[in-house]
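The structure appears below as structure tokens.
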Amino acid sequence: MDLFWHRRDLRVTDNVGLSAAADRGPVVPCFVLDDAVLEHAGPPRVRYLLGSLAELRDAYRERGSDLIVGHGDPAEILPRLANAVDADRVVWNRGYSGLARERDARVEESIAESGGTESLAVETYHDAVLHDPDSIRTNKGDPYSVFTYYWKKWRDREKAAPEPAPSAADLLDAERLQVVVDDVAADLRADDATIAAGTLPTITDLGFAEPAAESIPAGTSGARDRLSSFREEDVFRYETLRDVPAASVTSGLSQDLSFGTIGPREVYAATEDAMARAEAGDADAAVSDLEDADPVSSVTEFRSQLAWREFYLQVLFHNPETVSRNYKTYENPIDWREDPDALAAWKRGETGYPIVDAGMRQLRAEAFMHNRVRMIVASFLTKDLLLDWRAGYAHFREHLRDHDTANDVGGWQWAASTGTDAQPYFRIFNPMTQGERYDPDAEYVTTYVPELRGVDPDLIHSWHELDPERRGSVAPEYPAPIVDHAERREEALATFEAARGEDS
Ligand SMILES: Cc1cc2nc3c(=O)[nH]c(=O)nc-3n(C[C@H](O)[C@H](O)[C@H](O)COP(=O)(O)OP(=O)(O)OC[C@H]3O[C@@H](n4cnc5c(N)ncnc54)[C@H](O)[C@@H]3O)c2cc1C
């Protein structure tokens, strides 16, 4: 019998570790709500987690089993569970951040020390990625720090097919599972930990407020709906429109890939079907209104984003300290400012730069932000406000539903010019021209900034140049720019040159 510990793999299909355990059967599935992990989560993520766990539990119930849900330290709960079911193995899929690896080592140690059956072993699998973070290296054997070269190898490697879901016969039935739970629950009470078969706490039970942001359908069913609508049409329009926030052509799968409500092999398999359609000319109708759109290279472009995810994951895997430290070393420390008022205005979406404010308000309203706009708001924080990227990262971590350590750190360090192949420090986004180029009709801006609804897009894009009187007559409720971009650009250049040890 195997005990399977779900973590960032909240699904029964395309789950490498679960499939391996099910091949030996019967499997006892469990999840542990760990306060040390929850401490780093914001309400939108906790809500998505609980919704996804409910669906995972139902997937087991449909198969005559159940999901054991523990709350407490996995190092306390897992050895007891393993002993109670007389497990041969405790199986899980690997996590790659420093925190995940430390925790896993601690749990493994406590299982080894638990004195269960002699043969009790821990087995771990690569599941969250198509290629594990150690498997793609330069010809000299080093980890990659430049995406383009990594991508060439990633793209050409063979990809595994999705794993099937376990059947009822592969799982411990609900009745016997309940006996195990009763047995362990009594024993755990003294340790301030709990377990139950399929009972989930509410978000407030876990000490979080109900998030104000909109929710989306959680779990594998939500993820699959998003994937199937994306593969139908948007994947072919992706290359042309992925930078246009109002077009909403991206997959919307980031929280699913982050929590593992869908497997990367299943997503990749969908791109294989899409590629076959594109190559056969069956996707031309999907792009008939777009000039020069190429469905084949569009599918490839989407695959390259899946590779970016794995690229950043291997960067974090090989450099766990970059979760809080710059990847790139400058001669001198970067002289970030301390400006709580500017930080607060950025968080509220009241900087007087329309595309920045729209992005920050989308984050509050939806717990999500379009990628292009994430780049713009991150550049604004680090270059226009000259505030430390870690302050922006902390805010994103709290508010994004799809927060994912590797991608979030990767995105922030890219914008701050401190990351692997980051934006060079001298290429500073101009928030006004970014808005003009990617949101010409101000459709995205006016969706999230009601004060600017009905205002001519040309005035929105030149808001920083209008005199106060004009601003007051055009949109009296919308703030004036809190900084002058041209001035701040010069200051940012000087700050980075000083960090490089150059005289300004
Ligand atoms: C400052 C900043 C912070 C970010 N924080 C996160 C985060 O916390 N979590 C997160 O998943 N992504 C993050 N990203 C990357 C990207 O913005 C999101 O993955 C994307 O917007 C999610 O939308 P989607 O699923 O529709 O993406 P799609 O365009 O459909 O892409 C498909 C998948 O590829 C991956 N992906 C796409 N773009 C990137 C990228 N630039 N880097 C790495 N992986 C990518 C994601 O897993 C995404 O779901 C961040 C980017 C920046 C600039």
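Residues in the structure tokens are named by chain (A, B, ... in the order shown) and by number from 1 within that chain; ligands are numbered from 1 in the order shown.
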
* **Expected answer as a PyMOL selection string: alpha helix (DSSP H) residues in segment 266-449 of chain A** => chain A and resi 266-279+295-318+340-348+354-366+371-379+389-399+405-415+431-438+443-448

* Residues of segment 15-104 of chain A in strand (DSSP E or B) according to DSSP, as a PyMOL selection string? -> chain A and resi 27-33+68-71+89-93

Which residues of chain A have any atom within 8 Å of an atom in ligand 1 when counting only C-alpha atoms and all ligand atoms, and what is the closest pair of atoms for each, with the distance in Å to one decimal? Order the rows by chain and rising number and write it as a tab-separated table.
residue	atom	partner	partner_atom_place_in_ligand_line	distance
A:Tyr238	CA	ligand 1	29 (O)	7.9
A:Arg242	CA	ligand 1	29 (O)	6.6
A:Ser248	CA	ligand 1	26 (O)	7.9
A:Val249	CA	ligand 1	26 (O)	7.5
A:Thr250	CA	ligand 1	30 (O)	4.0
A:Ser251	CA	ligand 1	30 (O)	3.5
A:Gly252	CA	ligand 1	26 (O)	3.3
A:Leu253	CA	ligand 1	25 (O)	3.9
A:Ser254	CA	ligand 1	49 (O)	3.1
A:Gln255	CA	ligand 1	11 (O)	6.4
A:Asp256	CA	ligand 1	49 (O)	7.4
A:Leu257	CA	ligand 1	47 (O)	5.7
A:Ser258	CA	ligand 1	11 (O)	6.2
A:Phe302	CA	ligand 1	31 (O)	6.4
A:Arg303	CA	ligand 1	34 (O)	7.7
A:Ser304	CA	ligand 1	34 (O)	7.7
A:Gln305	CA	ligand 1	34 (O)	4.2
A:Leu306	CA	ligand 1	34 (O)	4.2
A:Ala307	CA	ligand 1	44 (N)	7.3
A:Trp308	CA	ligand 1	43 (C)	4.6
A:Arg309	CA	ligand 1	44 (N)	3.6
A:Glu310	CA	ligand 1	44 (N)	7.4
A:Phe311	CA	ligand 1	43 (C)	7.6
A:Tyr312	CA	ligand 1	43 (C)	6.4
A:Phe368	CA	ligand 1	21 (O)	7.8
A:Met369	CA	ligand 1	21 (O)	6.3
A:His370	CA	ligand 1	21 (O)	4.9
A:Asn371	CA	ligand 1	17 (O)	3.5
A:Arg372	CA	ligand 1	53 (C)	7.0
A:Val373	CA	ligand 1	53 (C)	7.6
A:Arg374	CA	ligand 1	53 (C)	4.6
A:Met375	CA	ligand 1	53 (C)	4.1
A:Ile376	CA	ligand 1	53 (C)	7.7
A:Val377	CA	ligand 1	1 (C)	7.6
A:Ala378	CA	ligand 1	1 (C)	5.3
A:Gly392	CA	ligand 1	1 (C)	8.0
A:Tyr393	CA	ligand 1	1 (C)	7.3
A:Phe396	CA	ligand 1	8 (O)	6.9
A:Arg397	CA	ligand 1	8 (O)	6.7
A:Leu400	CA	ligand 1	8 (O)	6.6
A:Arg401	CA	ligand 1	8 (O)	8.0
A:Asp402	CA	ligand 1	9 (N)	4.8
A:His403	CA	ligand 1	8 (O)	3.2
A:Asp404	CA	ligand 1	8 (O)	4.1
A:Thr405	CA	ligand 1	8 (O)	6.2
A:Ala406	CA	ligand 1	8 (O)	7.5
A:Asn407	CA	ligand 1	13 (C)	4.6
A:Asp408	CA	ligand 1	5 (N)	3.4
A:Val409	CA	ligand 1	3 (C)	6.8
A:Gly410	CA	ligand 1	42 (N)	6.8
A:Gly411	CA	ligand 1	52 (C)	3.6
A:Trp412	CA	ligand 1	1 (C)	4.2
A:Gln413	CA	ligand 1	1 (C)	7.7
A:Trp414	CA	ligand 1	53 (C)	7.2
A:Ala415	CA	ligand 1	1 (C)	6.6

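Of note, atom CA of Leu241 of chain A and atom CA of Thr433 of chain A are spaced 17.4 Å apart.
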
Compile a residue-level contact table for segment 372-482 of chain A against segment 145-151 of chain A at a cut-off of 10 Å, reporting for every qualifying residue the shortest atom pair and its distance in Å to one decimal, with only C-alpha atoms counted, rows ordered by chain and ascending number, as JSON lines.
{"residue": "A:Gly419", "atom": "CA", "partner": "A:Ser145", "partner_atom": "CA", "distance": 9.1}
{"residue": "A:Thr420", "atom": "CA", "partner": "A:Ser145", "partner_atom": "CA", "distance": 5.4}
{"residue": "A:Asp421", "atom": "CA", "partner": "A:Val146", "partner_atom": "CA", "distance": 5.5}
{"residue": "A:Ala422", "atom": "CA", "partner": "A:Val146", "partner_atom": "CA", "distance": 9.2}

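For the residues A:His318, A:Gln423, A:Asp127, A:Glu233, ranking by smallest atom-to-atom distance to Tyr144 of chain A using only C-alpha atoms places A:His318 first.
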
* To do: Could you please determine the separation between atom CA of Ala121 of chain A and atom CA of Trp5 of chain A in Å, to one decimal place?
  => 13.3 Å

* Between A:Ile111, A:Leu99, A:Ala169, A:Ala82, which has the minimum distance to Asp183 of chain A (counting only C-alpha atoms)? -> A:Ala82

* To do: Just the residues within 12 Å of Ile77 of chain A, please, counting only C-alpha atoms, with nothing from its chain fewer than 2 positions along; format it as a PyMOL selection string.
  => chain A and resi 3+5+30-34+68-75+79-84+90+107-108+110-111+114+181+184-196

Saved selection, atoms kept: N, CA and C atoms, as a short mmCIF file (atom, residue, chain, number, x, y, z; two decimals), in the first residue's frame:
data_model
loop_
_atom_site.label_atom_id
_atom_site.label_comp_id
_atom_site.auth_asym_id
_atom_site.auth_seq_id
_atom_site.Cartn_x
_atom_site.Cartn_y
_atom_site.Cartn_z
N LEU A 3 1.06 5.52 0.47
CA LEU A 3 0.40 6.76 0.89
C LEU A 3 0.83 7.82 -0.11
N TRP A 5 0.93 11.73 -1.12
CA TRP A 5 0.81 13.08 -0.55
C TRP A 5 0.67 14.10 -1.70
N CYS A 30 -3.71 11.76 0.34
CA CYS A 30 -3.89 12.76 1.41
C CYS A 30 -3.34 14.12 0.98
N PHE A 31 -3.80 15.14 1.69
CA PHE A 31 -3.29 16.50 1.52
C PHE A 31 -3.15 17.08 2.92
N VAL A 32 -2.13 17.91 3.13
CA VAL A 32 -1.95 18.51 4.46
C VAL A 32 -1.93 20.04 4.34
N LEU A 33 -2.86 20.67 5.03
CA LEU A 33 -2.85 22.14 5.12
C LEU A 33 -1.78 22.50 6.15
N ASP A 34 -0.70 23.06 5.64
CA ASP A 34 0.48 23.30 6.47
C ASP A 34 0.56 24.81 6.76
N ILE A 68 -7.90 12.18 2.33
CA ILE A 68 -7.63 12.51 3.73
C ILE A 68 -7.08 13.93 3.76
N VAL A 69 -7.69 14.78 4.58
CA VAL A 69 -7.23 16.16 4.67
C VAL A 69 -6.70 16.40 6.08
N GLY A 70 -5.42 16.68 6.17
CA GLY A 70 -4.81 16.97 7.46
C GLY A 70 -4.59 18.46 7.61
N HIS A 71 -4.48 18.91 8.83
CA HIS A 71 -4.13 20.32 9.09
C HIS A 71 -3.08 20.31 10.19
N GLY A 72 -1.89 20.77 9.84
CA GLY A 72 -0.81 20.75 10.82
C GLY A 72 0.52 20.55 10.11
N ASP A 73 1.48 20.05 10.85
CA ASP A 73 2.82 19.85 10.29
C ASP A 73 2.88 18.49 9.58
N PRO A 74 3.18 18.48 8.28
CA PRO A 74 3.25 17.19 7.57
C PRO A 74 4.27 16.24 8.18
N ALA A 75 5.28 16.79 8.84
CA ALA A 75 6.28 15.91 9.46
C ALA A 75 5.70 15.15 10.65
N PRO A 79 4.09 10.51 8.92
CA PRO A 79 4.58 9.24 9.46
C PRO A 79 3.47 8.46 10.16
N ARG A 80 2.58 9.17 10.87
CA ARG A 80 1.50 8.47 11.58
C ARG A 80 0.55 7.80 10.59
N LEU A 81 0.23 8.55 9.55
CA LEU A 81 -0.67 7.98 8.53
C LEU A 81 -0.02 6.76 7.88
N ALA A 82 1.25 6.91 7.54
CA ALA A 82 1.96 5.82 6.86
C ALA A 82 1.95 4.56 7.74
N ASN A 83 2.17 4.77 9.03
CA ASN A 83 2.19 3.61 9.93
C ASN A 83 0.80 3.01 10.08
N ALA A 84 -0.21 3.90 10.15
CA ALA A 84 -1.58 3.40 10.34
C ALA A 84 -2.05 2.56 9.14
N VAL A 90 5.78 6.16 1.02
CA VAL A 90 5.11 7.46 0.98
C VAL A 90 5.61 8.11 -0.31
N VAL A 107 10.41 16.26 6.23
CA VAL A 107 9.35 15.23 6.28
C VAL A 107 9.96 13.85 6.05
N GLU A 108 10.89 13.79 5.11
CA GLU A 108 11.52 12.51 4.79
C GLU A 108 12.26 11.96 6.02
N SER A 110 11.59 12.64 9.13
CA SER A 110 10.67 12.21 10.19
C SER A 110 10.01 10.87 9.83
N ILE A 111 9.83 10.62 8.54
CA ILE A 111 9.29 9.32 8.13
C ILE A 111 10.33 8.22 8.42
N SER A 114 10.41 7.34 12.01
CA SER A 114 9.14 7.02 12.65
C SER A 114 9.04 5.57 13.10
N VAL A 181 -8.39 6.97 9.32
CA VAL A 181 -8.51 8.36 9.79
C VAL A 181 -8.86 8.38 11.27
N VAL A 184 -5.84 7.51 13.42
CA VAL A 184 -4.77 8.52 13.50
C VAL A 184 -5.27 9.80 14.17
N ALA A 185 -6.55 10.14 13.95
CA ALA A 185 -7.08 11.40 14.50
C ALA A 185 -6.92 11.44 16.02
N ALA A 186 -7.24 10.32 16.67
CA ALA A 186 -7.16 10.29 18.12
C ALA A 186 -5.72 10.52 18.58
N ASP A 187 -4.81 9.91 17.85
CA ASP A 187 -3.40 10.00 18.18
C ASP A 187 -2.83 11.41 17.96
N LEU A 188 -3.41 12.14 17.00
CA LEU A 188 -2.86 13.45 16.64
C LEU A 188 -3.29 14.58 17.55
N ARG A 189 -4.41 14.38 18.24
CA ARG A 189 -4.99 15.49 19.00
C ARG A 189 -3.96 16.18 19.89
N ALA A 190 -3.08 15.38 20.48
CA ALA A 190 -2.08 15.93 21.39
C ALA A 190 -1.10 16.84 20.66
N ASP A 191 -0.97 16.68 19.35
CA ASP A 191 0.04 17.45 18.59
C ASP A 191 -0.55 18.67 17.89
N ASP A 192 -1.77 19.02 18.24
CA ASP A 192 -2.34 20.21 17.63
C ASP A 192 -2.53 20.06 16.13
N ALA A 193 -2.65 18.84 15.69
CA ALA A 193 -2.88 18.60 14.26
C ALA A 193 -4.18 17.83 14.14
N THR A 194 -4.84 17.94 12.98
CA THR A 194 -6.10 17.22 12.80
C THR A 194 -6.08 16.51 11.46
N ILE A 195 -6.88 15.45 11.37
CA ILE A 195 -7.14 14.90 10.04
C ILE A 195 -8.60 14.48 9.97
N ALA A 196 -9.10 14.46 8.73
CA ALA A 196 -10.49 14.03 8.51
C ALA A 196 -10.57 13.49 7.10
#

* Selection: 7 Å around Ser52 of chain A, only C-alpha atoms, excl. self and same-chain fewer than 5 positions, as a PyMOL selection string -> chain A and resi 10+218-219

Those same residues, written as a JSON list (two decimals), in the first residue's frame with N, CA and C atoms?
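Written out: selection.json:
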[["chain", "number", "residue", "atom", "x", "y", "z"],
["A", 10, "LEU", "N", -2.90, 19.13, -7.65],
["A", 10, "LEU", "CA", -4.26, 18.87, -7.17],
["A", 10, "LEU", "C", -5.13, 18.27, -8.27],
["A", 218, "ALA", "N", -12.55, 26.74, -9.94],
["A", 218, "ALA", "CA", -11.29, 26.13, -9.51],
["A", 218, "ALA", "C", -11.21, 24.68, -9.98],
["A", 219, "GLY", "N", -10.11, 24.02, -9.63],
["A", 219, "GLY", "CA", -9.98, 22.59, -9.86],
["A", 219, "GLY", "C", -9.75, 22.21, -11.32]]

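Every protein or nucleic acid residue with an atom no more than 10 Å from Arg63 of chain A, counting only C-alpha atoms and leaving out same-chain residues fewer than 3 positions away, appears here: A:Arg57, A:Asp58, A:Ala59, A:Tyr60, A:Asp66, A:Pro166, A:Ser167, A:Ala168, A:Ala169, A:Asp170, A:Leu171, A:Leu172, A:Asp173, A:Ala174.
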
May I have the residues from that selection written out with all heavy atoms, as a short mmCIF file (atom, residue, chain, number, x, y, z; two decimals), in the first residue's frame?
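Okay, this is what ended up in result.cif:
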data_model
loop_
_atom_site.label_atom_id
_atom_site.label_comp_id
_atom_site.auth_asym_id
_atom_site.auth_seq_id
_atom_site.Cartn_x
_atom_site.Cartn_y
_atom_site.Cartn_z
N ARG A 57 -11.18 15.96 -3.87
CA ARG A 57 -11.87 15.01 -2.99
C ARG A 57 -13.02 14.33 -3.74
O ARG A 57 -13.19 13.11 -3.66
CB ARG A 57 -12.42 15.77 -1.77
CG ARG A 57 -13.33 14.91 -0.91
CD ARG A 57 -14.23 15.76 -0.06
NE ARG A 57 -15.06 16.67 -0.84
CZ ARG A 57 -15.61 17.78 -0.36
NH1 ARG A 57 -15.41 18.11 0.89
NH2 ARG A 57 -16.37 18.55 -1.13
N ASP A 58 -13.78 15.12 -4.49
CA ASP A 58 -14.92 14.53 -5.21
C ASP A 58 -14.45 13.53 -6.27
O ASP A 58 -15.11 12.52 -6.51
CB ASP A 58 -15.77 15.64 -5.85
CG ASP A 58 -16.45 16.51 -4.78
OD1 ASP A 58 -16.43 16.08 -3.60
OD2 ASP A 58 -16.95 17.60 -5.11
N ALA A 59 -13.28 13.81 -6.85
CA ALA A 59 -12.74 12.86 -7.86
C ALA A 59 -12.45 11.52 -7.18
O ALA A 59 -12.66 10.45 -7.76
CB ALA A 59 -11.49 13.43 -8.50
N TYR A 60 -11.96 11.58 -5.94
CA TYR A 60 -11.71 10.32 -5.21
C TYR A 60 -13.02 9.67 -4.79
O TYR A 60 -13.17 8.45 -4.84
CB TYR A 60 -10.81 10.57 -4.00
CG TYR A 60 -9.35 10.73 -4.40
CD1 TYR A 60 -8.66 11.90 -4.18
CD2 TYR A 60 -8.67 9.67 -5.01
CE1 TYR A 60 -7.33 12.04 -4.57
CE2 TYR A 60 -7.34 9.79 -5.40
CZ TYR A 60 -6.68 10.98 -5.18
OH TYR A 60 -5.36 11.11 -5.57
N ASP A 66 -11.67 8.41 -0.89
CA ASP A 66 -11.84 9.76 -0.33
C ASP A 66 -10.45 10.39 -0.22
O ASP A 66 -9.44 9.69 -0.41
CB ASP A 66 -12.51 9.70 1.05
CG ASP A 66 -13.36 10.95 1.32
OD1 ASP A 66 -13.03 12.01 0.76
OD2 ASP A 66 -14.34 10.86 2.09
N PRO A 166 -6.14 7.14 -11.80
CA PRO A 166 -6.31 5.82 -11.19
C PRO A 166 -7.78 5.38 -11.24
O PRO A 166 -8.68 6.24 -11.29
CB PRO A 166 -5.86 6.03 -9.74
CG PRO A 166 -5.98 7.49 -9.50
CD PRO A 166 -5.82 8.18 -10.82
N SER A 167 -8.00 4.09 -11.21
CA SER A 167 -9.38 3.59 -11.17
C SER A 167 -9.74 3.28 -9.71
O SER A 167 -8.86 3.29 -8.83
CB SER A 167 -9.50 2.33 -12.02
OG SER A 167 -8.75 1.32 -11.39
N ALA A 168 -11.02 2.94 -9.48
CA ALA A 168 -11.46 2.61 -8.11
C ALA A 168 -10.61 1.48 -7.53
O ALA A 168 -10.25 1.49 -6.35
CB ALA A 168 -12.94 2.23 -8.14
N ALA A 169 -10.25 0.52 -8.38
CA ALA A 169 -9.50 -0.64 -7.89
C ALA A 169 -8.11 -0.26 -7.41
O ALA A 169 -7.48 -1.00 -6.65
CB ALA A 169 -9.39 -1.68 -9.02
N ASP A 170 -7.61 0.91 -7.85
CA ASP A 170 -6.26 1.32 -7.45
C ASP A 170 -6.24 2.05 -6.12
O ASP A 170 -5.17 2.44 -5.64
CB ASP A 170 -5.68 2.30 -8.50
CG ASP A 170 -5.60 1.69 -9.88
OD1 ASP A 170 -5.34 0.49 -9.97
OD2 ASP A 170 -5.79 2.44 -10.87
N LEU A 171 -7.43 2.30 -5.54
CA LEU A 171 -7.51 3.16 -4.36
C LEU A 171 -8.08 2.42 -3.15
O LEU A 171 -8.91 1.50 -3.31
CB LEU A 171 -8.42 4.36 -4.67
CG LEU A 171 -7.99 5.21 -5.87
CD1 LEU A 171 -9.14 6.14 -6.29
CD2 LEU A 171 -6.74 6.01 -5.55
N LEU A 172 -7.69 2.84 -1.95
CA LEU A 172 -8.28 2.26 -0.75
C LEU A 172 -9.73 2.74 -0.66
O LEU A 172 -9.99 3.94 -0.83
CB LEU A 172 -7.51 2.73 0.49
CG LEU A 172 -7.90 2.01 1.79
CD1 LEU A 172 -7.38 0.57 1.78
CD2 LEU A 172 -7.34 2.74 3.01
N ASP A 173 -10.68 1.82 -0.40
CA ASP A 173 -12.08 2.24 -0.40
C ASP A 173 -12.39 3.14 0.81
O ASP A 173 -11.68 3.11 1.82
CB ASP A 173 -13.02 1.03 -0.44
CG ASP A 173 -12.86 0.19 0.79
OD1 ASP A 173 -13.42 0.54 1.83
OD2 ASP A 173 -12.11 -0.82 0.74
N ALA A 174 -13.43 3.95 0.66
CA ALA A 174 -13.74 5.00 1.64
C ALA A 174 -13.94 4.42 3.05
O ALA A 174 -13.57 5.04 4.05
CB ALA A 174 -14.98 5.77 1.20
#

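Counting only C-alpha atoms and comparing A:Trp389, A:Tyr268, A:Trp336, A:Trp346, the residue that lies closest to Thr322 of chain A is A:Trp389.
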
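The space between atom CA of Ala344 of chain A and atom CA of Leu316 of chain A spans 28.9 Å.
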
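Using only C-alpha atoms, the nearest neighbour of His485 of chain A within the list A:Pro431, A:Gly501, A:Gly472, A:Pro217 is A:Pro431.
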